[in-house]
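Working notes for the structure below.
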Amino acid sequence: MAFLTTDEVNELKTSVNIADLISQYVALSRNGKNYLGLCPFHSEKTPSFNVNAEKGFYHCFGCGKSGDVIEFLKEYKQIGFVDAVKELADFAGIQIDFGEKSEDKQNPNAPLYEINNQAARLYNTLLMSTTLGEQARNYLEERGIDADTIKYFNIGLAPEEEDFIYQNLSSKFEEDVLVNSGLFHYSNRKVFDAFTNRIMFPITNEYGQTIGFSGRKWQENDSAKSKYINTSVTAIFDKSFELWNLDRAKPSITKQREVYLMEGFMDVIAAYKAGITNVVASMGTALTERHVRRLKSFAKNFVLVYDGDSAGQNAIYKALELIGEAQVQIVKVPEGLDPDEYSKTYGLTGLSALMETGRIQPVEFLIDFLRPANLTNLQVQLDFIEQIAPMIARIPSITAQDAYIRKLVEILPDFEYNQVERAVNMRRENMQLTDSSISNSERSSLAEQLPEDWFVPPPMDDEPIRGGASSSALRNNWTQQSSKTVVPKLSRSERAEEQLLHRMIYHSAVLKKFAQDENFRFVHKRYQELFDKILLEAMVYEEIDETHLASELSGELRSLFYQIISLDLPEAASSQEINDLVAAFSKEMEQLKFEELIQQLEAAKKAGNHERELELTLQIINQKKKL
């Protein structure tokens, strides 16, 4: 690999607009100077992921993840520094020579990818070139999978031999690679292939590397209980995170901002043959929060196409809870069929039409799914209305609300339209409390109902933090963000300390003023630690370079730094503002000094040091006057 200097890496980073790169993976919307989106690193419903294109960094006010464009690629794609630089260079259109050996050293899992890739080639060769493979191809052809489809999805065949793959690959890889590959079982000092006598569907990551397999039984006389078996969890494969066909589907998902979610390989293949390419499957396992979080980074809308049987309908209901109703449409496959079966009954054009035009909204699905078995009981009807009315009230379109009210009335024997409409209207009126017209007192009340560790910042009172960051400006800033961003709960003192540090970073005169004050210190340890780092940076380099300083920090301190430079403060910083900021936490500082003196007095009493006791008592009296 051509080794890059720090200056060259920085030049590469500045050549890319971080918002442009991140928007490939996260749906961003402009918010003043910055961009906001749902954080790809933790599950959230309210956007708290902030991207500052001007300064070239991101920061999540929810989970605290932050960094520059390289850090984003490393964190999001779970790759090393070299691979992140390569990704960034490719995005920027800059040619950098990366040698294979250096890349292998950079990625410790490279041998695991390679052994799985080689296994996939062997499985495919066995399917396409052997007598047993011919029988398996005939089986696949009966299922509608021809040679072109086999080639496209790299489908293979595991033979009946118990150690065929081991015999072919064991001499090419180290023992630890064989053990950790997921391809073999070890028992009684013997090694067995994990897959025998199965149609093999390679599972690839989003870059097309084989990371595992799912094997399907295909012979009628096969006594195996499981229809499918998957690779066990390895360093490169976890089915609760991976989605089948994501590498092939990702370009069209990103372009259309929409993804079809299915349950199985055969369903995805049927959709592909029907001309629909933005489709993935969760490999027979339940959809997880990790799946959803991953897909939300580049898809805005989800279309659920699960089996029409009761298990499939239950899976849709659970998926709605994970994804959220606002972003989902549902294709309800009729007659209890799965999508693959539907394509065989009604043809590929029938499946395509169903997937594209046969979508329903979550409320329509839930009315049918949650419909009680016994609707002759009045209380059951009332409970059903209570359950569905809030869902209808959340729908923006009054016309759509009317349609769903009528649908509900059709199945309720004891209620008229106006009665159900009244129930929906009551929910709608309650929901209006959350819009931008709510009063400050109402907003504060709502904030108090949030979990203890988080809050939507209420408007600040009229106590001054004046100057450039005026109380009214801060109040407006918090109010604007309150419906968009959930931020860590901070006291007034902590907010003032963060703003003062922001001023120090961008105003050298402010930093110099406090650097010369030997008695100055921040109340909270983390802010004092960051102040020391900022001071050291200024002393060594004579200026504060955000990128360099961030690279010198680590862990929570680095996240705190990005949080502080994310603050949207006016450019000008007046002396009055600085004085007010210090005043906002000076009383707390004096209180801490007072408590420290009390502790020292207790220690002096225990030691029997009367002279020190007298000295500390006088200091405590003087300190108390300052409080």
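Residue numbers start at 1 in each chain; chains themselves are named A, B, ... in the order of the structure tokens; ligands are numbered from 1 in the order shown.
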
Open item on the list: Residues within 12 Å of Asn17 (chain A), please, as a count of residues only. Count only C-alpha atoms; anything in the same chain fewer than 5 positions from it doesn't count.
Closed with: 18

Task: Selection: 10 Å around Ser343 (chain A), only C-alpha atoms, excl. self and same-chain fewer than 5 positions, as a VMD selection string - done: chain A and resid 144 267 270 to 271 273 to 274 337 to 338 348 to 352 354

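Within region 230-414 of chain A, the backbone-based DSSP assignment of strand (DSSP E or B) covers Asn230, Trp244, Glu258, Val259, Tyr260, Leu261, Met262, Val279, Val280, Ala281, Asn301, Phe302, Val303, Leu304, Val328, Gln329, Ile330, Val331, Arg359 and Ile360 of chain A.
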
With N, CA and C atoms retained, could you export that selection as a PDB file, in the first residue's frame?
ATOM      1  N   ASN A 230     -28.516 -22.964   8.816  1.00  0.00           N
ATOM      2  CA  ASN A 230     -27.630 -21.835   8.522  1.00  0.00           C
ATOM      3  C   ASN A 230     -26.279 -22.008   9.193  1.00  0.00           C
ATOM      4  N   TRP A 244     -30.204 -11.386   3.430  1.00  0.00           N
ATOM      5  CA  TRP A 244     -29.827 -12.041   2.181  1.00  0.00           C
ATOM      6  C   TRP A 244     -30.163 -11.170   0.980  1.00  0.00           C
ATOM      7  N   GLU A 258     -36.483   2.692  -0.966  1.00  0.00           N
ATOM      8  CA  GLU A 258     -37.534   1.756  -0.582  1.00  0.00           C
ATOM      9  C   GLU A 258     -37.002   0.332  -0.643  1.00  0.00           C
ATOM     10  N   VAL A 259     -37.417  -0.506   0.298  1.00  0.00           N
ATOM     11  CA  VAL A 259     -36.968  -1.892   0.318  1.00  0.00           C
ATOM     12  C   VAL A 259     -38.159  -2.817   0.560  1.00  0.00           C
ATOM     13  N   TYR A 260     -38.178  -3.923  -0.187  1.00  0.00           N
ATOM     14  CA  TYR A 260     -39.133  -4.997   0.071  1.00  0.00           C
ATOM     15  C   TYR A 260     -38.479  -5.981   1.040  1.00  0.00           C
ATOM     16  N   LEU A 261     -39.197  -6.351   2.083  1.00  0.00           N
ATOM     17  CA  LEU A 261     -38.712  -7.323   3.054  1.00  0.00           C
ATOM     18  C   LEU A 261     -39.493  -8.621   2.907  1.00  0.00           C
ATOM     19  N   MET A 262     -38.742  -9.742   2.710  1.00  0.00           N
ATOM     20  CA  MET A 262     -39.373 -11.049   2.571  1.00  0.00           C
ATOM     21  C   MET A 262     -38.791 -12.006   3.607  1.00  0.00           C
ATOM     22  N   VAL A 279     -35.054  -5.953  -3.074  1.00  0.00           N
ATOM     23  CA  VAL A 279     -35.690  -6.898  -2.167  1.00  0.00           C
ATOM     24  C   VAL A 279     -34.644  -7.708  -1.408  1.00  0.00           C
ATOM     25  N   VAL A 280     -34.889  -7.893  -0.104  1.00  0.00           N
ATOM     26  CA  VAL A 280     -33.996  -8.675   0.756  1.00  0.00           C
ATOM     27  C   VAL A 280     -34.831  -9.611   1.622  1.00  0.00           C
ATOM     28  N   ALA A 281     -34.144 -10.580   2.249  1.00  0.00           N
ATOM     29  CA  ALA A 281     -34.825 -11.515   3.147  1.00  0.00           C
ATOM     30  C   ALA A 281     -34.046 -11.643   4.437  1.00  0.00           C
ATOM     31  N   ASN A 301     -38.650   3.885   3.077  1.00  0.00           N
ATOM     32  CA  ASN A 301     -39.919   3.154   3.140  1.00  0.00           C
ATOM     33  C   ASN A 301     -39.682   1.645   3.098  1.00  0.00           C
ATOM     34  N   PHE A 302     -40.515   0.910   3.830  1.00  0.00           N
ATOM     35  CA  PHE A 302     -40.449  -0.547   3.886  1.00  0.00           C
ATOM     36  C   PHE A 302     -41.752  -1.127   3.335  1.00  0.00           C
ATOM     37  N   VAL A 303     -41.623  -2.182   2.543  1.00  0.00           N
ATOM     38  CA  VAL A 303     -42.797  -2.914   2.064  1.00  0.00           C
ATOM     39  C   VAL A 303     -42.648  -4.357   2.534  1.00  0.00           C
ATOM     40  N   LEU A 304     -43.549  -4.795   3.395  1.00  0.00           N
ATOM     41  CA  LEU A 304     -43.480  -6.138   3.958  1.00  0.00           C
ATOM     42  C   LEU A 304     -44.255  -7.109   3.073  1.00  0.00           C
ATOM     43  N   VAL A 328     -44.190   2.109   6.698  1.00  0.00           N
ATOM     44  CA  VAL A 328     -44.436   0.747   6.219  1.00  0.00           C
ATOM     45  C   VAL A 328     -45.701   0.654   5.372  1.00  0.00           C
ATOM     46  N   GLN A 329     -45.601  -0.166   4.323  1.00  0.00           N
ATOM     47  CA  GLN A 329     -46.775  -0.651   3.605  1.00  0.00           C
ATOM     48  C   GLN A 329     -46.707  -2.174   3.609  1.00  0.00           C
ATOM     49  N   ILE A 330     -47.839  -2.805   3.395  1.00  0.00           N
ATOM     50  CA  ILE A 330     -47.910  -4.264   3.521  1.00  0.00           C
ATOM     51  C   ILE A 330     -48.532  -4.856   2.267  1.00  0.00           C
ATOM     52  N   VAL A 331     -47.899  -5.913   1.777  1.00  0.00           N
ATOM     53  CA  VAL A 331     -48.503  -6.702   0.708  1.00  0.00           C
ATOM     54  C   VAL A 331     -49.047  -7.969   1.349  1.00  0.00           C
ATOM     55  N   ARG A 359     -50.526  -3.047  -2.347  1.00  0.00           N
ATOM     56  CA  ARG A 359     -50.098  -2.658  -1.008  1.00  0.00           C
ATOM     57  C   ARG A 359     -51.262  -2.079  -0.198  1.00  0.00           C
ATOM     58  N   ILE A 360     -51.225  -2.335   1.094  1.00  0.00           N
ATOM     59  CA  ILE A 360     -52.198  -1.723   1.996  1.00  0.00           C
ATOM     60  C   ILE A 360     -51.453  -1.005   3.118  1.00  0.00           C
TER      61      ILE A 360
END

Open item on the list: Under the rule that only C-alpha atoms are counted, which of A:Ile276, A:Leu530, A:Leu500, A:Leu553 is the nearest residue to Ser574 (chain A)?
Closed with: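 Once distances to Ser574 (chain A) are computed over only C-alpha atoms, the minimum belongs to A:Leu500.
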
Task: Distance in Å - CA of Gly308 (chain A) versus CA of Lys45 (chain A) - done: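 Separation of CA of Gly308 (chain A) and CA of Lys45 (chain A): 28.9 Å.
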
- [ ] List every residue of region 188-265 of chain A that DSSP, applied to the backbone of this structure, places in helix (DSSP H, G or I), and write the result as a list in words.
- [x] Leu246, Asp247, Arg248, Ala249, Lys250, Pro251, Ser252, Ile253, Thr254, Lys255, Gln256 and Phe265 of chain A

Let me see the file: selected residues, C-alpha atoms, as a PDB file, in the first residue's frame.
ATOM      1  CA  LEU A 246     -28.424  -6.992   0.328  1.00  0.00           C
ATOM      2  CA  ASP A 247     -25.275  -6.620  -1.814  1.00  0.00           C
ATOM      3  CA  ARG A 248     -27.275  -7.004  -5.054  1.00  0.00           C
ATOM      4  CA  ALA A 249     -30.290  -5.022  -3.849  1.00  0.00           C
ATOM      5  CA  LYS A 250     -28.509  -2.109  -2.166  1.00  0.00           C
ATOM      6  CA  PRO A 251     -28.019   0.085  -5.308  1.00  0.00           C
ATOM      7  CA  SER A 252     -31.731   0.004  -6.180  1.00  0.00           C
ATOM      8  CA  ILE A 253     -32.765   0.355  -2.506  1.00  0.00           C
ATOM      9  CA  THR A 254     -30.570   3.447  -2.185  1.00  0.00           C
ATOM     10  CA  LYS A 255     -31.881   4.894  -5.442  1.00  0.00           C
ATOM     11  CA  GLN A 256     -35.564   4.254  -4.705  1.00  0.00           C
ATOM     12  CA  PHE A 265     -34.554 -17.136  -0.436  1.00  0.00           C
TER      13      PHE A 265
END
